[in-house]
Amino acid sequence: MPLLAFAFASNGVRADDGLRAACDRTAHATVLQAAAEPAREARAYWLDRRLIQWPGAAVDGRFRLYRSASAGLRAATGDVVRGADAHIDLALAKVEMTTALADRFRFVGDGPRLVLPDAAVVQVPALLRDQLLLVREDAQGRILDATALQLPGALDDLYAAAEDATLGVHRLGPPPGAEDFATRFALWAPTARSVAVCLEAGTRACDAFAARRDDATGVWTLDLPGSAHGRRYVYLVDVFVPGVGIVRNRVTDPYSVGLTADSKESVALDLDAPDTRPAGWADASRPPPLAANVDMSVYELHVRDFSRDDASVRAPWRGKYLAFTEPASAGMRHLRALGAAGITDVHLLPVYDLSTVPERGCIEPRIPDAAPDSDAQQAAMAATAARDCFNWGYDPYHYSTPEGSYALEPDGVARVREFRAMVQALHAAGLRVGMDVVYNHTFASGQDGKSVLDRIVPGYYHRLDASGKVERSTCCENTATEHRMMAKLMIDSAALWAKHYRIDSFRFDLMGHQPRAAMERLQVAVDAAAGRHVPLLGEGWNFGEIADGARFVQASQRSLNGSGIATFSDRARDALRGGGCCDGGEGLVANQGLLNGLHHAPNDFNAGKDRRVDLLRAADLARIGLAGTLREVELRGADGVVRALSKFDYAGQPAGYASQPGEVVNYVENHDNMTLFDLNALRLPRATSREDRARVQMLGVAFTAFSQGVAYYHAGIDILRSKSLDKNSFDSGDAFNRLDWSYTDNGFGRGLPPAKDNAKDWPWMRPALADAGIAPRPEDIAWMRDAFRDLLRIRASSTLFRLRSTDDVRARLSFRNTGPGQNPAVFAAHLDGTGYTGAAFREVLYLINVSPEAQTLTLPEEVGKPYVLHPVQRASTAADDRPKAARHDPASGRFMIPARSAVVYVVE
């Protein structure tokens, strides 16, 4: 390399022998100076560079901020502070906060607001690198109260410019006259005392280079000559950790795009390099963007489930990315058939780097061949669950690197190339690729060996409670995407997947835990990165420490109106299935819904009970789902009152909440909780035939297919998928999550589900699993498979099932058979196609009968109309013959709808 280029490209100083030795060590942390006392509660908030608020503190006495560069602070009530290097006197603030600051910290309790003197403000960047203690003391300096501080407000204020920084490892262009490139390492670590890069160095295990701090951004950078492509690296970050001391953390890059096996080290990769691309990647075609969110029909799939048990895939590729590149496999034939019928997107459960699946040497447990209601199968699975090859993947480690356990070779570039090969193969099959992302939490925090973010900037990336502990309402360590740099990490990561991996859409886990504003910025970023619109779907649940907008305007069901971002709707889901998402005990059986017998086919728990009031309430909610859960659309309720959907009640919330149909995702089953087949196994009357169990499943799909909004289906709903009644199969291994593309076994009766999440309900589950009449035969599975595809074809046949706007829904969708005199077993809806682009029909009338008996309706509005069955249902190849048995008398507007059937009439 020319000397000029080296001078341009290298600002790194080779570190001393001590740092090089630290690079060679594998311990994730080394304590350089132990803290003098354990970690304190952090009850005070540093709001910005000048202001501190201490909720609950008294105002008598004086306030001082003590610092120690050696973590030597000790503070006992009644004594003086010991081990301090210096202190700053703080005064009570005499001015109000800005509106923006007050809004950001509206969740903080009342208490004295303190201000730093002007002369001290310039010291704040240095202060934030030390141990700090806020003390209220008397005139003699005796401690009345003391607390640590939460620092994100100050960090966001001081280092706002870091939002524009390019972090991670990337190439720099050559200087004038030079031919080679340089490589820049960039890490945001504003509270660090020093940062070094440990870089693979050929004959040496690694070499160490000191990075340079930019005081404006808090970003540490290292420029080295040439390309680092394919070289391993980690960071050494010297930082104060509360309760531990001054620590040298050996940590991977939060912006990693490549990793070694089991995420031990980051790997610097140029994602444009030829060896990161499968053959044909540069010129590969991809399905065009959809015209609207509502055109999406999504199939949610787990990479390992897809092929682990598919004998038509070569053995080494089973459960891997490359299984999708086997065009003749049973699984890929299944996906292509779904695409031909109307599925537009395959959404993959998490495929970023996970924390809990060994990437080499994972165990595949031997599951005994035991009775269908035995506990032996789950015991065998549980014995090795922590080391087996399966997990859903809601345990993020590194957000921007493909998971290595799904690659033949988890080290370095191979996992990137194989992931891209999977995307390329799905695109070649005509399917867009969606990705499930989990930016709302990490697997670990603090000094845990699998904690990345917290070991670089302690206390910043996670949302803390009033005492400074990490909130865990999401199940794990909640991230704080309301903080600038956590939001940036999320947005940068999503944009990388959209640009470099051609991800077409995203599903956000627990999206309601993130600010709407951050999600809107992310939408702009991913669209720009992809050069096309990238639909965003997410779980907009409202719970936890951020519920009801406690900290910010959430990306939740009721707060995303007008954003174009879609949330999953639980309104119709619960009405159809019965109960709620997480029923247990007797409710598992007793909480019947519209599909599984509410009022019309009572099981033993409901025999003799009058459930008509519940039935009418559920029928209203089901119609609300069919109308897209739109807040401003009107419906005549069971009480006879016509009102907006937002005025109907759903568990104390407005039943209608969305502004536009593209902001709602409709479903009756996804990876969470029991499958629909399993719920029906418990709730349908025990004597229900196998054929009718398949029909009930079909009706659930019909409601989703005919609902306005995005249609979302869990993989296997079309083949009667069972998880042997498992309520939470996230770590239940292959045995309980198996998919069978030979269509011979749906999985029911593989044994009692794992004790961890199900044992208390085993008494209700055991009798169903022992019932030999519930598990379907291959012909039942094949019937459901084909009936599902027919419903997809019907939805795809007309934009009337995918109306673009609320105005369109108001103008073109009308419900029949409503009000107090309705027959609540039958759902009748009319769609007016006159002049509507893509309607294909002048009129559509669909009728769904959830009763086990045929029903008759007289609809005066339909008198004289020349209805015929939809072309899909009248075709000789139609899977379901019952619609052909429906009868329509145009003179009277009388319709006979066969038992448990979905009938679609059209005027052509």
# chains A, B, ... in the order shown; residues from 1 in each chain; ligands from 1

call {"tool": "select_by_dssp", "arguments": {"residues": "segment 818-875 of chain A", "states": "strand (DSSP E or B)", "output": "PDB file with C-alpha atoms, in the first residue's frame"}}
result
ATOM      1  CA  VAL A 826     -74.684 -17.195   9.938  1.00  0.00           C
ATOM      2  CA  PHE A 827     -72.529 -14.279   8.793  1.00  0.00           C
ATOM      3  CA  ALA A 828     -73.712 -12.621   5.612  1.00  0.00           C
ATOM      4  CA  ALA A 829     -71.835  -9.791   3.930  1.00  0.00           C
ATOM      5  CA  HIS A 830     -72.365  -8.061   0.614  1.00  0.00           C
ATOM      6  CA  LEU A 831     -69.593  -6.425  -1.416  1.00  0.00           C
ATOM      7  CA  ASP A 832     -70.439  -3.963  -4.194  1.00  0.00           C
ATOM      8  CA  GLU A 843     -71.448  -8.097  -6.583  1.00  0.00           C
ATOM      9  CA  VAL A 844     -70.224 -10.615  -4.025  1.00  0.00           C
ATOM     10  CA  LEU A 845     -72.256 -12.162  -1.223  1.00  0.00           C
ATOM     11  CA  TYR A 846     -70.480 -14.442   1.208  1.00  0.00           C
ATOM     12  CA  LEU A 847     -72.230 -16.509   3.868  1.00  0.00           C
ATOM     13  CA  ILE A 848     -70.449 -18.369   6.669  1.00  0.00           C
ATOM     14  CA  ASN A 849     -72.446 -20.863   8.693  1.00  0.00           C
ATOM     15  CA  GLN A 855     -79.334 -22.735   8.200  1.00  0.00           C
ATOM     16  CA  THR A 856     -81.788 -20.714   6.139  1.00  0.00           C
ATOM     17  CA  LEU A 857     -81.775 -16.937   5.739  1.00  0.00           C
ATOM     18  CA  THR A 858     -84.122 -14.652   3.890  1.00  0.00           C
ATOM     19  CA  VAL A 868     -74.021 -17.958  -8.961  1.00  0.00           C
ATOM     20  CA  LEU A 869     -71.344 -19.676  -6.936  1.00  0.00           C
TER      21      LEU A 869
END

call {"tool": "residues_around", "arguments": {"residues": "segment 449-466 of chain A", "least_positions_apart": "3", "cutoff": "9 Å", "atoms": "only C-alpha atoms", "output": "ChimeraX atom specification"}}
result
/A:27-29,41-44,55,108-109,150-152,155,187-192,237-242,249-254,263,355,397-398,441-446,469-472,477-483,485-486,545

call {"tool": "residues_around", "arguments": {"residues": "Ala154 of chain A", "least_positions_apart": "5", "cutoff": "10 Å", "atoms": "only C-alpha atoms", "output": "NGL selection string"}}
result
:A and (45-52 or 124-125 or 128 or 159-160)

call {"tool": "atom_distance", "arguments": {"atom1": "atom CA of Glu265 of chain A", "atom2": "atom CA of Cys198 of chain A"}}
result
9.9 Å

call {"tool": "closest_atom_pairs", "arguments": {"of": "segment 722-821 of chain A", "to": "segment 698-703 of chain A", "cutoff": "12 Å", "atoms": "only C-alpha atoms", "output": "Markdown table"}}
result
| residue | atom | partner | partner_atom | distance |
| --- | --- | --- | --- | --- |
| A:Asp780 | CA | A:Met698 | CA | 11.2 |
| A:Ile781 | CA | A:Met698 | CA | 11.0 |
| A:Trp783 | CA | A:Met698 | CA | 9.6 |
| A:Met784 | CA | A:Met698 | CA | 6.6 |
| A:Arg785 | CA | A:Met698 | CA | 9.3 |
| A:Asp786 | CA | A:Met698 | CA | 10.0 |
| A:Ala787 | CA | A:Met698 | CA | 6.9 |
| A:Phe788 | CA | A:Met698 | CA | 6.7 |
| A:Arg789 | CA | A:Val701 | CA | 10.1 |
| A:Asp790 | CA | A:Ala702 | CA | 9.9 |
| A:Leu791 | CA | A:Ala702 | CA | 6.5 |
| A:Leu792 | CA | A:Ala702 | CA | 8.8 |
| A:Arg793 | CA | A:Ala702 | CA | 11.4 |
| A:Ile794 | CA | A:Ala702 | CA | 9.7 |
| A:Arg795 | CA | A:Ala702 | CA | 9.3 |
| A:Phe801 | CA | A:Phe703 | CA | 11.0 |

call {"tool": "closest_residue", "arguments": {"among": "A:Leu496, A:Val904, A:Val850, A:Cys389", "to": "Leu594 of chain A", "atoms": "only C-alpha atoms"}}
result
A:Val850

call {"tool": "residues_around", "arguments": {"residues": "segment 378-388 of chain A", "least_positions_apart": "6", "cutoff": "7 Å", "atoms": "only C-alpha atoms", "output": "list in words"}}
result
Val357, Pro358, Cys362, Ile363, Glu364, Pro365, Arg366, Ile367, Asp731, Ser732, Gly733, Gly751, Leu752, Pro753 and Pro754 of chain A

call {"tool": "residues_around", "arguments": {"residues": "Asp771 of chain A", "least_positions_apart": "3", "cutoff": "9 Å", "atoms": "only C-alpha atoms", "output": "short mmCIF file (atom, residue, chain, number, x, y, z; two decimals) with C-alpha atoms, in the first residue's frame"}}
result
data_model
loop_
_atom_site.label_atom_id
_atom_site.label_comp_id
_atom_site.auth_asym_id
_atom_site.auth_seq_id
_atom_site.Cartn_x
_atom_site.Cartn_y
_atom_site.Cartn_z
CA PRO A 372 -50.40 -40.10 23.33
CA ARG A 686 -65.79 -34.71 22.16
CA GLY A 749 -50.97 -37.07 20.44
CA ARG A 766 -54.86 -35.70 29.10
CA PRO A 767 -58.38 -36.92 28.20
CA ALA A 768 -58.26 -35.19 24.80
CA ILE A 774 -59.53 -36.64 17.43
CA ALA A 775 -56.33 -37.03 15.39
#

call {"tool": "residues_around", "arguments": {"residues": "Gly111 of chain A", "least_positions_apart": "2", "cutoff": "6 Å", "atoms": "only C-alpha atoms", "output": "list of chain:residue names"}}
result
A:Trp54, A:Pro55, A:Gly56, A:Ala57

call {"tool": "closest_residue", "arguments": {"among": "A:Ala337, A:Leu116, A:Ala261, A:Leu489", "to": "Glu409 of chain A", "atoms": "only C-alpha atoms"}}
result
A:Ala261

call {"tool": "residues_around", "arguments": {"residues": "segment 806-810 of chain A", "least_positions_apart": "6", "cutoff": "9 Å", "atoms": "only C-alpha atoms", "output": "list in words"}}
result
Ala627, Gly628, Leu630, Glu632, Val633, Glu634, Ser659, Gln660, Pro661, Gln708, Leu800 and Leu831 of chain A

call {"tool": "closest_residue", "arguments": {"among": "A:Arg611, A:His714, A:Arg304, A:Arg67", "to": "Leu149 of chain A", "atoms": "only C-alpha atoms"}}
result
A:Arg67

call {"tool": "atom_distance", "arguments": {"atom1": "atom CA of Asp369 of chain A", "atom2": "atom CA of Leu739 of chain A"}}
result
18.0 Å

call {"tool": "closest_residue", "arguments": {"among": "A:Asp375, A:Glu418, A:Asp411, A:Asp180", "to": "Pro278 of chain A", "atoms": "only C-alpha atoms"}}
result
A:Glu418

call {"tool": "closest_residue", "arguments": {"among": "A:Leu133, A:Val872, A:Leu271, A:Ala518", "to": "Val169 of chain A", "atoms": "only C-alpha atoms"}}
result
A:Leu271

call {"tool": "select_by_dssp", "arguments": {"residues": "segment 540-686 of chain A", "states": "helix (DSSP H, G or I)", "output": "PyMOL selection string"}}
result
chain A and resi 544-549+557-559+571-577+587-590+612-626+645-647+661-663+676-683

call {"tool": "write_last_selection", "arguments": {"atoms": "N, CA and C atoms", "output": "compact mmCIF listing (two decimals), in the first residue's frame"}}
result
# COMPACT_ATOMS: atom_id res chain seq x y z
N GLY A 544 -47.56 -3.41 30.37
CA GLY A 544 -46.23 -3.15 30.93
C GLY A 544 -46.04 -1.71 31.36
N GLU A 545 -44.80 -1.35 31.55
CA GLU A 545 -44.46 -0.03 32.09
C GLU A 545 -44.73 1.12 31.13
N ILE A 546 -44.98 0.80 29.86
CA ILE A 546 -45.25 1.84 28.87
C ILE A 546 -46.73 1.91 28.50
N ALA A 547 -47.55 1.11 29.18
CA ALA A 547 -48.97 1.00 28.81
C ALA A 547 -49.67 2.35 28.86
N ASP A 548 -50.62 2.52 27.94
CA ASP A 548 -51.46 3.73 27.88
C ASP A 548 -50.62 5.00 27.71
N GLY A 549 -49.51 4.87 26.99
CA GLY A 549 -48.68 6.04 26.70
C GLY A 549 -47.96 6.61 27.90
N GLN A 557 -51.95 -0.65 19.06
CA GLN A 557 -53.17 -0.70 18.25
C GLN A 557 -53.85 0.66 18.14
N ARG A 558 -54.07 1.30 19.27
CA ARG A 558 -54.87 2.52 19.28
C ARG A 558 -54.07 3.77 18.95
N SER A 559 -52.74 3.64 18.85
CA SER A 559 -51.91 4.83 18.67
C SER A 559 -51.27 4.93 17.30
N ARG A 571 -59.57 -8.94 18.27
CA ARG A 571 -61.01 -8.85 18.46
C ARG A 571 -61.74 -10.07 17.89
N ALA A 572 -61.64 -10.24 16.60
CA ALA A 572 -62.31 -11.39 15.98
C ALA A 572 -61.64 -12.70 16.38
N ARG A 573 -60.34 -12.68 16.56
CA ARG A 573 -59.63 -13.90 16.97
C ARG A 573 -60.27 -14.53 18.20
N ASP A 574 -60.48 -13.70 19.23
CA ASP A 574 -61.04 -14.23 20.47
C ASP A 574 -62.50 -14.63 20.31
N ALA A 575 -63.25 -13.86 19.52
CA ALA A 575 -64.65 -14.23 19.29
C ALA A 575 -64.76 -15.58 18.59
N LEU A 576 -63.88 -15.83 17.66
CA LEU A 576 -63.93 -17.06 16.88
C LEU A 576 -63.44 -18.26 17.68
N ARG A 577 -62.32 -18.09 18.37
CA ARG A 577 -61.72 -19.22 19.10
C ARG A 577 -62.34 -19.43 20.47
N GLY A 587 -61.10 -23.08 31.82
CA GLY A 587 -61.36 -22.21 30.67
C GLY A 587 -60.83 -22.76 29.37
N LEU A 588 -59.80 -23.61 29.43
CA LEU A 588 -59.29 -24.22 28.20
C LEU A 588 -60.39 -24.98 27.47
N VAL A 589 -61.30 -25.56 28.22
CA VAL A 589 -62.37 -26.34 27.63
C VAL A 589 -63.67 -25.56 27.58
N ALA A 590 -63.94 -24.81 28.63
CA ALA A 590 -65.25 -24.16 28.76
C ALA A 590 -65.43 -22.95 27.87
N ARG A 612 -76.75 -17.56 24.54
CA ARG A 612 -77.11 -16.73 23.38
C ARG A 612 -76.57 -15.31 23.51
N VAL A 613 -76.61 -14.73 24.70
CA VAL A 613 -76.09 -13.37 24.87
C VAL A 613 -74.60 -13.32 24.51
N ASP A 614 -73.86 -14.33 24.96
CA ASP A 614 -72.43 -14.40 24.62
C ASP A 614 -72.26 -14.60 23.12
N LEU A 615 -73.14 -15.40 22.54
CA LEU A 615 -73.06 -15.65 21.10
C LEU A 615 -73.28 -14.37 20.31
N LEU A 616 -74.26 -13.57 20.69
CA LEU A 616 -74.53 -12.32 19.98
C LEU A 616 -73.37 -11.36 20.12
N ARG A 617 -72.77 -11.29 21.30
CA ARG A 617 -71.62 -10.41 21.50
C ARG A 617 -70.46 -10.86 20.63
N ALA A 618 -70.22 -12.18 20.59
CA ALA A 618 -69.14 -12.71 19.75
C ALA A 618 -69.41 -12.46 18.27
N ALA A 619 -70.67 -12.57 17.87
CA ALA A 619 -71.02 -12.34 16.46
C ALA A 619 -70.72 -10.90 16.05
N ASP A 620 -71.02 -9.94 16.93
CA ASP A 620 -70.68 -8.54 16.63
C ASP A 620 -69.17 -8.39 16.45
N LEU A 621 -68.38 -8.99 17.34
CA LEU A 621 -66.93 -8.87 17.24
C LEU A 621 -66.40 -9.53 15.98
N ALA A 622 -67.00 -10.65 15.57
CA ALA A 622 -66.57 -11.30 14.33
C ALA A 622 -66.85 -10.41 13.13
N ARG A 623 -68.00 -9.74 13.11
CA ARG A 623 -68.30 -8.81 12.00
C ARG A 623 -67.35 -7.62 12.03
N ILE A 624 -67.01 -7.16 13.21
CA ILE A 624 -66.03 -6.07 13.32
C ILE A 624 -64.72 -6.50 12.69
N GLY A 625 -64.31 -7.75 12.90
CA GLY A 625 -63.11 -8.25 12.25
C GLY A 625 -63.25 -8.32 10.75
N LEU A 626 -64.39 -8.78 10.26
CA LEU A 626 -64.62 -8.83 8.82
C LEU A 626 -64.59 -7.45 8.20
N LEU A 645 -67.69 1.30 14.93
CA LEU A 645 -67.05 0.12 15.52
C LEU A 645 -66.24 0.49 16.76
N SER A 646 -65.77 1.72 16.82
CA SER A 646 -65.02 2.17 18.00
C SER A 646 -65.91 2.25 19.23
N LYS A 647 -67.22 2.24 19.05
CA LYS A 647 -68.15 2.33 20.18
C LYS A 647 -68.56 0.96 20.71
N PRO A 661 -57.81 -0.01 6.43
CA PRO A 661 -57.71 -1.48 6.44
C PRO A 661 -56.28 -1.99 6.42
N GLY A 662 -55.37 -1.25 5.79
CA GLY A 662 -53.98 -1.69 5.75
C GLY A 662 -53.27 -1.61 7.07
N GLU A 663 -53.96 -1.14 8.12
CA GLU A 663 -53.36 -1.03 9.45
C GLU A 663 -53.81 -2.15 10.39
N LEU A 676 -55.00 -23.63 16.36
CA LEU A 676 -56.46 -23.68 16.29
C LEU A 676 -56.95 -25.11 16.42
N PHE A 677 -56.26 -26.05 15.80
CA PHE A 677 -56.68 -27.45 15.91
C PHE A 677 -56.68 -27.88 17.36
N ASP A 678 -55.66 -27.50 18.11
CA ASP A 678 -55.56 -27.91 19.50
C ASP A 678 -56.63 -27.28 20.38
N LEU A 679 -56.89 -25.99 20.16
CA LEU A 679 -57.98 -25.37 20.90
C LEU A 679 -59.31 -26.07 20.61
N ASN A 680 -59.53 -26.38 19.34
CA ASN A 680 -60.77 -27.05 18.97
C ASN A 680 -60.82 -28.48 19.52
N ALA A 681 -59.67 -29.12 19.65
CA ALA A 681 -59.64 -30.46 20.23
C ALA A 681 -60.18 -30.45 21.65
N LEU A 682 -59.96 -29.36 22.36
CA LEU A 682 -60.42 -29.23 23.73
C LEU A 682 -61.85 -28.70 23.82
N ARG A 683 -62.23 -27.80 22.91
CA ARG A 683 -63.49 -27.07 23.06
C ARG A 683 -64.66 -27.65 22.28

call {"tool": "decode", "arguments": {"residues": "segment 136-198 of chain A", "atoms": "C-alpha atoms", "output": "CSV table (one decimal), in the first residue's frame"}}
result
chain,number,residue,atom,x,y,z
A,136,ARG,CA,-28.6,15.0,50.0
A,137,GLU,CA,-26.7,16.0,53.1
A,138,ASP,CA,-26.9,18.3,56.1
A,139,ALA,CA,-24.7,21.4,56.7
A,140,GLN,CA,-22.0,19.3,58.2
A,141,GLY,CA,-21.9,17.0,55.2
A,142,ARG,CA,-23.6,14.0,56.9
A,143,ILE,CA,-25.5,11.9,54.4
A,144,LEU,CA,-29.3,12.1,54.6
A,145,ASP,CA,-30.0,10.2,51.4
A,146,ALA,CA,-27.9,9.0,48.4
A,147,THR,CA,-28.7,7.5,45.0
A,148,ALA,CA,-27.0,6.6,41.7
A,149,LEU,CA,-28.3,8.2,38.5
A,150,GLN,CA,-29.9,7.1,35.3
A,151,LEU,CA,-27.8,8.6,32.5
A,152,PRO,CA,-29.7,8.3,29.2
A,153,GLY,CA,-31.2,11.8,29.2
A,154,ALA,CA,-27.8,13.4,29.5
A,155,LEU,CA,-26.2,11.1,27.0
A,156,ASP,CA,-29.0,11.7,24.4
A,157,ASP,CA,-28.6,15.5,24.9
A,158,LEU,CA,-24.8,15.6,24.7
A,159,TYR,CA,-24.4,13.1,21.9
A,160,ALA,CA,-27.4,13.8,19.6
A,161,ALA,CA,-25.0,14.1,16.7
A,162,ALA,CA,-24.2,10.4,17.0
A,163,GLU,CA,-27.5,9.6,15.3
A,164,ASP,CA,-25.9,10.6,12.1
A,165,ALA,CA,-22.8,8.5,12.6
A,166,THR,CA,-22.1,5.3,10.6
A,167,LEU,CA,-21.3,2.6,13.1
A,168,GLY,CA,-19.9,-0.9,12.7
A,169,VAL,CA,-17.2,-1.8,10.3
A,170,HIS,CA,-17.2,-0.3,6.8
A,171,ARG,CA,-14.9,0.6,4.0
A,172,LEU,CA,-13.4,4.1,3.4
A,173,GLY,CA,-12.6,5.3,-0.1
A,174,PRO,CA,-9.0,5.8,-1.0
A,175,PRO,CA,-7.4,9.2,-0.7
A,176,PRO,CA,-6.5,11.1,-3.9
A,177,GLY,CA,-3.8,9.3,-5.8
A,178,ALA,CA,-4.1,6.1,-3.8
A,179,GLU,CA,-5.6,2.8,-5.1
A,180,ASP,CA,-6.5,0.9,-2.0
A,181,PHE,CA,-9.3,1.2,0.5
A,182,ALA,CA,-9.2,1.5,4.3
A,183,THR,CA,-11.4,0.0,6.9
A,184,ARG,CA,-13.1,2.0,9.7
A,185,PHE,CA,-14.2,0.5,13.0
A,186,ALA,CA,-16.7,2.7,14.8
A,187,LEU,CA,-18.3,2.1,18.2
A,188,TRP,CA,-20.6,4.4,20.2
A,189,ALA,CA,-19.2,4.2,23.8
A,190,PRO,CA,-19.5,7.8,25.3
A,191,THR,CA,-19.0,6.6,28.9
A,192,ALA,CA,-15.9,4.5,28.0
A,193,ARG,CA,-12.5,5.5,29.3
A,194,SER,CA,-10.7,3.8,26.4
A,195,VAL,CA,-11.6,1.5,23.5
A,196,ALA,CA,-9.3,-0.8,21.6
A,197,VAL,CA,-9.9,-3.1,18.6
A,198,CYS,CA,-8.6,-6.7,18.8
